[in-house]
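Please read the structure below before turning to the comments.
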Amino acid sequence: MQIDFQHRQSAHCENGVISNLMNHQGVKVSEPLVFGIGAGLFFVYLPFLKVNFAPGFSYRPMPGFIFRRFAKQLGIKVIHKKFSSTEEAQKILDQKLKEGIPVGLQVGVYNLTYFPDEYRFHFNAHNLVVYGKENDRYLISDPVMDTTTSLTEKELEKVRFAKGALPPKGHLYYLETVPTQYDWEQAIKKGIKKTCNDMLAPVPIVGVNAMKWVAKSIKKWPKKIGVKKTNHYLGQLIRMQEEIGTGGGGFRFIYAAFLEEASQILNNPKLKELSKEMTEIGDEWRDFALNISRVYKNRSDQEKVYEKLSDQLMGLAEREKKFFKTLKNAV
Amino acid sequence: MKKEQVPQDNGSLSKVAQEICYAVDENGNYTTVQSSGWEVKSVALDESIRLIQERVEEKKQEVKAGKLSPLAYFMEVHRMDLQILAAYVGIHRWFVKRHFNPKRFRKLSEKTLKKYADVFEISVEELKNFKPN
């Protein structure tokens, strides 16, 4: 059985799944609009949570938050389910597919057989849509892939019950009811406000303050933990920032695209200006990643290199602080 | 980032898919462009793969020297840490750590060994008789 589902590729998995599921209901909504309304731009630093032998950096909110916020703003009813039993998890999935409902899943990346080996890490916050089942193979629309793919029952069970940080526990979700009318203007404004508040939050581990904390730490790391570990931490920063759209540079460009779209919907030329500024900020994040990668290659002049990286990140934090203050007043 | 600045280096993902990037077109409007990868990312990814290989090699030597049980080696091969392995086998990490001791490992029951072997997708025999070369 196969649901007539249109697969569209996206930069980031969660946005893509939402956008595709909405599209299936006949509501055209772009990836940047989902990202903006769901307040997907974020930064968090968790120095004590070790992921892949480095501290936890994240350029995104907890998995599922973008979806939850987006749905709440627009009055879409989404059903979420987690399971303790693998049989039950499969039963409910099969049942929903039989009813003709495409189902979103949170999965672990490590056992996704269609990913190249280099991408197989124990990262459990990937999202995809199952839109059918044929001869014991589930038909998969993974938004980061250009085409659809498929997984066996066993393969899908494995990724749905991946273990480690943020275990999905079979987490599935689907749209129960969608409203007939949408107040896009209100949702956009609220989404922008939320992002501004997150990024300017008066706590050290979130938003621009967290960037500043990381910036200060970069200066200390070489002495405290040695050059090798410092480089590994910085590498983690790039991977979180640039991998399959999950972060810094990439996210800034999606956000800039969102501001551009918002400027048209709200008829607010100020947002178009801010979109340009966000593009420049995104360019600088990319430059930051480029500078980190140079540290890997060129191992001389160590001390100064880390000072410079730290200063650049500090500068980015200041720039974003100013940006979000302006943005908050623009809507 | 402008459309023509979207990097088209040889990334590992390009073997299976092109990534989508948001970039500005010649009229200053956003559009999407496919990218085959970016060297900066590949460098970071390669570095992390290299570190994993280093750890795998290290553990291999320690298993060979009789300091660790094969479990420690297979854990690294599967890019796990103690917590992840413990969660997969459903044994508390304190015990998992004890099972890294070759003496204790030899005393493990078939049932426990089977749990580990299943996670590593090998047979109990392969796990028990693992000989690093």
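Here, A, B, ... name the chains of the structure tokens in the order displayed, residue numbers run from 1 inside each chain, and ligands are numbered from 1 in the same displayed order.
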
Excluding range 76-92 of chain B and residues on its chain fewer than 5 positions from it, collect all residues at most 10 Å away from it, counting only C-alpha atoms, and give them as a PyMOL selection string.
(chain A and resi 51-53+110+120-122+161-165+167) or (chain B and resi 49+52-60+71+97+112-120)

Per residue of chain A within 8 Å of chain B, which atom pair is closest and at what distance in Å (one decimal), using only C-alpha atoms, listed by chain and increasing number, as a tab-separated table?
```
residue	atom	partner	partner_atom	distance
A:Gln9	CA	B:Ile20	CA	7.2
A:Ser10	CA	B:Ile20	CA	6.0
A:Ala11	CA	B:Ile20	CA	4.9
A:Asn52	CA	B:Asp81	CA	7.9
A:Tyr114	CA	B:Val16	CA	7.7
A:Phe115	CA	B:Val16	CA	7.2
A:Pro116	CA	B:Leu13	CA	6.3
A:Glu118	CA	B:Ser12	CA	6.8
A:Tyr119	CA	B:Leu13	CA	7.6
A:Phe121	CA	B:Arg79	CA	6.9
A:His122	CA	B:Met80	CA	7.3
A:Val144	CA	B:Glu19	CA	6.8
A:Met145	CA	B:Ala17	CA	5.4
A:Asp146	CA	B:Ala17	CA	5.8
A:Ala162	CA	B:Tyr88	CA	7.8
A:Lys163	CA	B:Ala87	CA	5.8
A:Gly164	CA	B:Ile84	CA	4.5
A:Ala165	CA	B:Ile84	CA	7.8
A:His232	CA	B:Ser48	CA	7.3
A:Gly235	CA	B:Ala44	CA	5.1
A:Gln236	CA	B:Ala44	CA	7.5
A:Ile238	CA	B:Ala44	CA	6.7
A:Arg239	CA	B:Ala44	CA	6.5
A:Glu242	CA	B:Lys41	CA	6.7
A:Glu243	CA	B:Lys41	CA	7.2
A:Ile244	CA	B:Glu19	CA	6.9
A:Gly245	CA	B:Cys21	CA	7.8
A:Gly250	CA	B:Cys21	CA	7.0
A:Phe253	CA	B:Tyr22	CA	5.7
A:Ile254	CA	B:Tyr22	CA	6.0
A:Ala257	CA	B:Tyr30	CA	5.6
A:Glu260	CA	B:Tyr30	CA	7.6
A:Thr279	CA	B:Met1	CA	6.5
A:Glu280	CA	B:Met1	CA	7.5
A:Gly282	CA	B:Met1	CA	7.4
A:Asp283	CA	B:Met1	CA	5.9
A:Ala289	CA	B:Val40	CA	6.9
A:Leu290	CA	B:Val40	CA	5.8
A:Ser293	CA	B:Val40	CA	5.6
A:Tyr296	CA	B:Val43	CA	7.9
```

Can you tell me how far CA of Phe105 in chain B sits from CA of Leu68 in chain B, in Å to one decimal?
9.0 Å

Of the candidates B:Arg50, B:Arg98, B:Lys111, B:Lys131, which one gets nearest to Tyr73 in chain B if we count only C-alpha atoms?
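Of the candidates, the smallest distance to Tyr73 in chain B is held by B:Lys131.
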
Please report, as JSON lines, each residue of range 104-214 of chain A lying at most 12 Å from range 27-38 of chain A, together with the nearest pair of atoms and the separation in Å rounded to one decimal; use only C-alpha atoms, and order rows by chain and ascending residue number.
```
{"residue": "A:Pro143", "atom": "CA", "partner": "A:Glu31", "partner_atom": "CA", "distance": 10.7}
{"residue": "A:Val178", "atom": "CA", "partner": "A:Val27", "partner_atom": "CA", "distance": 9.1}
{"residue": "A:Pro179", "atom": "CA", "partner": "A:Val27", "partner_atom": "CA", "distance": 9.9}
{"residue": "A:Thr180", "atom": "CA", "partner": "A:Val27", "partner_atom": "CA", "distance": 9.4}
{"residue": "A:Gln181", "atom": "CA", "partner": "A:Val27", "partner_atom": "CA", "distance": 10.1}
{"residue": "A:Tyr182", "atom": "CA", "partner": "A:Val27", "partner_atom": "CA", "distance": 9.7}
{"residue": "A:Asp183", "atom": "CA", "partner": "A:Ile37", "partner_atom": "CA", "distance": 11.5}
{"residue": "A:Trp184", "atom": "CA", "partner": "A:Ile37", "partner_atom": "CA", "distance": 8.9}
{"residue": "A:Glu185", "atom": "CA", "partner": "A:Ile37", "partner_atom": "CA", "distance": 9.9}
{"residue": "A:Gln186", "atom": "CA", "partner": "A:Ile37", "partner_atom": "CA", "distance": 9.6}
{"residue": "A:Ala187", "atom": "CA", "partner": "A:Ile37", "partner_atom": "CA", "distance": 6.0}
{"residue": "A:Ile188", "atom": "CA", "partner": "A:Ile37", "partner_atom": "CA", "distance": 5.2}
{"residue": "A:Lys189", "atom": "CA", "partner": "A:Ile37", "partner_atom": "CA", "distance": 7.9}
{"residue": "A:Lys190", "atom": "CA", "partner": "A:Ile37", "partner_atom": "CA", "distance": 7.2}
{"residue": "A:Gly191", "atom": "CA", "partner": "A:Ile37", "partner_atom": "CA", "distance": 4.2}
{"residue": "A:Ile192", "atom": "CA", "partner": "A:Gly36", "partner_atom": "CA", "distance": 6.7}
{"residue": "A:Lys193", "atom": "CA", "partner": "A:Ile37", "partner_atom": "CA", "distance": 9.6}
{"residue": "A:Lys194", "atom": "CA", "partner": "A:Gly38", "partner_atom": "CA", "distance": 8.7}
{"residue": "A:Thr195", "atom": "CA", "partner": "A:Gly36", "partner_atom": "CA", "distance": 8.1}
{"residue": "A:Cys196", "atom": "CA", "partner": "A:Gly36", "partner_atom": "CA", "distance": 11.1}
```

File of the preceding selection, C-alpha atoms, as a JSON list (two decimals), in the first residue's frame:
```json
[["chain", "number", "residue", "atom", "x", "y", "z"],
["A", 143, "PRO", "CA", 13.88, 15.11, 3.58],
["A", 178, "VAL", "CA", -5.71, 20.99, 10.17],
["A", 179, "PRO", "CA", -7.69, 24.24, 10.32],
["A", 180, "THR", "CA", -9.32, 25.70, 7.24],
["A", 181, "GLN", "CA", -8.04, 29.23, 7.89],
["A", 182, "TYR", "CA", -4.60, 30.35, 8.88],
["A", 183, "ASP", "CA", -3.47, 33.55, 10.56],
["A", 184, "TRP", "CA", 0.01, 33.60, 9.05],
["A", 185, "GLU", "CA", 0.74, 37.18, 10.14],
["A", 186, "GLN", "CA", 0.12, 36.46, 13.80],
["A", 187, "ALA", "CA", 2.09, 33.19, 13.66],
["A", 188, "ILE", "CA", 5.07, 34.86, 11.98],
["A", 189, "LYS", "CA", 5.16, 37.67, 14.52],
["A", 190, "LYS", "CA", 4.98, 35.26, 17.42],
["A", 191, "GLY", "CA", 7.67, 33.05, 15.91],
["A", 192, "ILE", "CA", 10.00, 36.02, 15.48],
["A", 193, "LYS", "CA", 9.37, 37.19, 19.06],
["A", 194, "LYS", "CA", 10.12, 33.70, 20.37],
["A", 195, "THR", "CA", 13.41, 33.49, 18.48],
["A", 196, "CYS", "CA", 14.46, 36.94, 19.72]]
```

Selected residue, from A:Leu128, A:Leu271, A:Thr230, A:Met1, that lies nearest to Ser217 in chain A when counting only C-alpha atoms
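Nearest to Ser217 in chain A: A:Thr230.
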
Let's see if you can do this: from backbone DSSP, list all alpha helix (DSSP H) residues in range 3-109 of chain B, as a VMD selection string.
chain B and resid 39 to 64 70 to 77 82 to 89 93 to 99 102 to 106

What gap, in Å, lies between CA of Lys229 in chain A and CA of Lys64 in chain B?
26.5 Å

Contacts of Ser310 in chain A within 8 Å, only C-alpha atoms, excl. fewer than 4 positions in-chain, as a list in words
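The contact residues come out as Val214, Ala215, Lys216, Ser217, Ile218, Lys219, Tyr306 and Met314 of chain A.
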
Write to file, as a PDB file, in the first residue's frame, the residues of the selection just made, with C-alpha atoms.
```
ATOM      1  CA  VAL A 214      32.029  29.106  24.123  1.00  0.00           C
ATOM      2  CA  ALA A 215      34.155  31.998  22.791  1.00  0.00           C
ATOM      3  CA  LYS A 216      35.764  32.450  26.215  1.00  0.00           C
ATOM      4  CA  SER A 217      36.284  28.702  26.572  1.00  0.00           C
ATOM      5  CA  ILE A 218      38.066  28.441  23.220  1.00  0.00           C
ATOM      6  CA  LYS A 219      40.805  30.673  24.639  1.00  0.00           C
ATOM      7  CA  TYR A 306      42.707  30.157  19.177  1.00  0.00           C
ATOM      8  CA  MET A 314      32.676  36.841  20.375  1.00  0.00           C
TER       9      MET A 314
END
```

I'd like the interatomic distance between CA of Asp142 in chain A and CA of Asn23 in chain A, to a tenth of an Å.
15.0 Å
